[in-house]
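Pasted below: query17.tsv, TSV, C-alpha atoms.
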```
chain	number	residue	atom	x	y	z
A	1	MET	CA	92.81	67.05	108.39
A	2	ARG	CA	95.54	66.54	105.83
A	3	HIS	CA	98.57	67.09	108.02
A	4	GLN	CA	101.82	66.22	106.22
A	5	ARG	CA	100.03	64.94	103.12
A	6	LYS	CA	101.97	66.00	100.05
A	7	GLY	CA	100.49	66.88	96.68
A	8	ARG	CA	97.23	68.28	95.46
A	9	ARG	CA	94.28	65.99	94.87
A	10	PHE	CA	92.35	67.99	92.22
A	11	GLY	CA	89.20	66.04	93.12
A	12	LEU	CA	90.46	63.04	91.13
A	13	GLN	CA	91.18	59.41	91.82
A	14	PRO	CA	94.91	58.61	92.15
A	15	ASP	CA	95.15	56.81	88.78
A	16	HIS	CA	93.40	59.65	86.97
A	17	ARG	CA	95.58	62.24	88.72
A	18	ARG	CA	98.82	60.42	87.79
A	19	GLN	CA	97.71	60.12	84.18
A	20	MET	CA	96.73	63.80	84.02
A	21	LEU	CA	100.14	64.86	85.35
A	22	ALA	CA	101.92	62.52	82.93
A	23	ASN	CA	99.93	63.97	80.01
A	24	LEU	CA	100.72	67.52	81.11
A	25	ALA	CA	104.43	66.68	81.45
A	26	CYS	CA	104.40	65.15	77.94
A	27	SER	CA	102.78	68.31	76.58
A	28	VAL	CA	105.43	70.50	78.17
A	29	LEU	CA	108.23	68.35	76.77
A	30	GLU	CA	106.63	68.14	73.32
A	31	HIS	CA	105.66	71.79	72.83
A	32	GLY	CA	108.08	73.53	75.18
A	33	ARG	CA	105.29	75.62	76.68
A	34	VAL	CA	101.80	74.89	77.94
A	35	ARG	CA	99.02	77.04	79.40
A	36	THR	CA	97.39	75.60	82.52
A	37	THR	CA	96.18	76.50	86.00
A	38	GLU	CA	98.69	77.52	88.63
A	39	ALA	CA	97.95	74.52	90.86
A	40	LYS	CA	98.52	72.01	88.05
A	41	ALA	CA	101.70	73.78	86.95
A	42	LYS	CA	103.11	73.73	90.49
A	43	GLU	CA	102.28	70.05	90.76
A	44	VAL	CA	103.80	68.97	87.42
A	45	LYS	CA	106.93	71.13	87.58
A	46	PRO	CA	108.91	68.76	89.86
A	47	LEU	CA	107.94	65.83	87.62
A	48	VAL	CA	109.29	67.58	84.50
A	49	GLU	CA	112.48	68.59	86.33
A	50	LYS	CA	113.02	65.02	87.51
A	51	VAL	CA	112.44	63.57	84.05
A	52	ILE	CA	114.91	65.97	82.42
A	53	THR	CA	117.51	65.09	85.05
A	54	MET	CA	116.98	61.40	84.26
A	55	GLY	CA	117.31	62.27	80.58
A	56	LYS	CA	120.71	63.79	81.27
A	57	ALA	CA	121.88	60.50	82.81
A	58	GLY	CA	120.95	58.66	79.62
A	59	ASP	CA	121.46	55.09	80.87
A	60	LEU	CA	119.06	52.20	80.31
A	61	HIS	CA	117.60	52.37	83.81
A	62	SER	CA	116.75	56.07	83.36
A	63	ARG	CA	115.15	55.36	79.99
A	64	ARG	CA	112.92	52.70	81.49
A	65	GLN	CA	111.95	54.95	84.40
A	66	VAL	CA	111.05	57.82	82.07
A	67	ILE	CA	108.90	55.57	79.86
A	68	SER	CA	107.20	54.30	83.02
A	69	LEU	CA	106.47	57.84	84.24
A	70	LEU	CA	105.47	59.47	80.95
A	71	ARG	CA	103.82	56.45	79.26
A	72	ASN	CA	104.90	57.79	75.86
A	73	LYS	CA	107.87	56.33	73.99
A	74	LYS	CA	107.95	59.04	71.32
A	75	ILE	CA	108.27	61.85	73.88
A	76	SER	CA	110.84	59.94	75.92
A	77	TYR	CA	112.92	59.34	72.79
A	78	SER	CA	112.94	63.07	72.00
A	79	LEU	CA	113.73	63.80	75.66
A	80	PHE	CA	116.92	61.72	75.57
A	81	ASN	CA	118.03	62.80	72.08
A	82	GLU	CA	117.01	66.48	71.86
A	83	ILE	CA	115.88	68.02	75.16
A	84	ALA	CA	118.36	66.60	77.70
A	85	PRO	CA	121.51	67.50	75.68
A	86	ARG	CA	120.33	71.14	75.66
A	87	TYR	CA	120.55	71.19	79.46
A	88	ALA	CA	123.79	69.18	79.81
A	89	ASP	CA	125.69	72.02	81.49
A	90	ARG	CA	122.73	73.33	83.55
A	91	PRO	CA	122.54	72.04	87.16
A	92	GLY	CA	118.74	72.31	87.46
A	93	GLY	CA	115.90	74.77	87.06
A	94	TYR	CA	114.77	73.66	83.62
A	95	THR	CA	111.24	75.12	83.81
A	96	ARG	CA	109.62	78.42	84.75
A	97	ILE	CA	106.09	79.49	85.60
A	98	LEU	CA	104.82	82.78	84.13
A	99	LYS	CA	101.56	84.12	85.51
A	100	MET	CA	98.90	85.29	83.02
A	101	GLY	CA	96.02	86.37	85.23
A	102	PRO	CA	92.61	84.90	86.01
A	103	ARG	CA	90.60	82.76	83.60
A	104	PRO	CA	87.39	84.50	82.47
A	105	GLY	CA	85.02	81.65	83.31
A	106	ASP	CA	85.87	80.76	86.88
A	107	ALA	CA	88.69	83.17	87.80
A	108	ALA	CA	91.22	80.36	88.20
A	109	GLU	CA	94.79	81.70	88.09
A	110	MET	CA	96.28	80.79	84.71
A	111	VAL	CA	100.00	80.41	84.01
A	112	TYR	CA	102.42	79.34	81.31
A	113	LEU	CA	104.68	76.46	82.27
A	114	GLU	CA	107.65	76.51	79.90
A	115	LEU	CA	111.10	75.09	79.44
A	116	VAL	CA	113.88	77.63	80.03
```
As structure tokens, the full file:
Amino acid sequence: MRHQRKGRRFGLQPDHRRQMLANLACSVLEHGRVRTTEAKAKEVKPLVEKVITMGKAGDLHSRRQVISLLRNKKISYSLFNEIAPRYADRPGGYTRILKMGPRPGDAAEMVYLELV
């Protein structure tokens, strides 16, 4: 039983799961909107929110933490210079999940995860 175990496993090894979530977060930050399954969107949403909050801080420690989480210097640079200043006066809630309906192949619930 998985009592008090946080997070979804997605049938992946921990390293693969962390990399998948980092890639999805990078895609959201790069394109502003990404289409994915509801489970993945719910799992990556807190990561994106946390990264944007670190981007608003803008200090060296935050920059290093963001590069460590996202593993992409180009995206982290645009986060600190373009995305975070947009949300300077917003106290949170930078993303939203919009439901699209089931996927034709396997009926997985599909959603858009987008920046507000």
Per residue of range 58-113 of chain A within 9 Å of range 50-54 of chain A, what are the shortest atom pair and its distance in Å to one decimal, counting all atoms listed in the file, with rows by chain and residue number, as CSV?
```
residue,atom,partner,partner_atom,distance
A:Gly58,CA,A:Met54,CA,6.7
A:Asp59,CA,A:Met54,CA,8.4
A:Ser62,CA,A:Met54,CA,5.4
A:Arg63,CA,A:Met54,CA,7.6
A:Gln65,CA,A:Met54,CA,8.2
A:Val66,CA,A:Val51,CA,6.2
A:Leu69,CA,A:Val51,CA,8.3
A:Leu70,CA,A:Val51,CA,8.7
A:Leu79,CA,A:Ile52,CA,7.2
A:Phe80,CA,A:Ile52,CA,8.3
A:Ile83,CA,A:Ile52,CA,7.6
A:Ala84,CA,A:Ile52,CA,5.9
A:Tyr87,CA,A:Ile52,CA,8.2
A:Pro91,CA,A:Thr53,CA,8.8
A:Gly92,CA,A:Thr53,CA,7.7
A:Tyr94,CA,A:Ile52,CA,7.8
```
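Residues in contact range of range 5-14 of chain A, defined as at most 9 Å between all atoms listed in the file, with sequence neighbours fewer than 5 positions away removed, read Gln19, Ala39, Lys40 and Glu43 of chain A.
For the pair CA of Leu24 in chain A and CA of Ser78 in chain A, the separation is 15.9 Å.
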query: Please, what distance in Å, to one decimal, runs between CA of Asn81 in chain A and CA of Lys42 in chain A?
result: 26.1 Å
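Counting all atoms listed in the file, the residue from A:Glu114, A:Pro85, A:Ala57, A:Arg18 that sits nearest to His31 in chain A is A:Glu114.
Coordinates place CA of Leu47 in chain A at a distance of 17.0 Å from CA of Val111 in chain A.
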task: Choose the residue, out of A:Asp15, A:Asn72, A:Gly101, A:Met110, that has the smallest atom-to-atom separation from Thr36 in chain A; count all atoms listed in the file.
output: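 Ranked by minimum distance to Thr36 in chain A, first place goes to A:Met110.
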task: Pick out the residues sitting within 9 Å of Ser27 in chain A, and hand them over as a list in words; count all atoms listed in the file, and ignore anything fewer than 6 positions along from it in its own chain.
output: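 Neighbouring residues, sequence-local ones excluded: Arg33, Val34 and Ile75 of chain A.
With distances restricted to all atoms listed in the file, A:Ser76 is the closest residue to Leu29 in chain A from A:Ser76, A:Leu60, A:Ala41, A:Pro46.
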- request: Tell me which of A:Arg90, A:Asn23, A:Val48, A:Glu82 sits closest to Leu115 in chain A, counting all atoms listed in the file.
  value: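 Checking each candidate against Leu115 in chain A, we get A:Val48 as the closest.
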query: For Gly55 in chain A, which residue among A:Arg86, A:His3, A:Arg35, A:Arg71 is the nearest when counting all atoms listed in the file?
result: A:Arg86
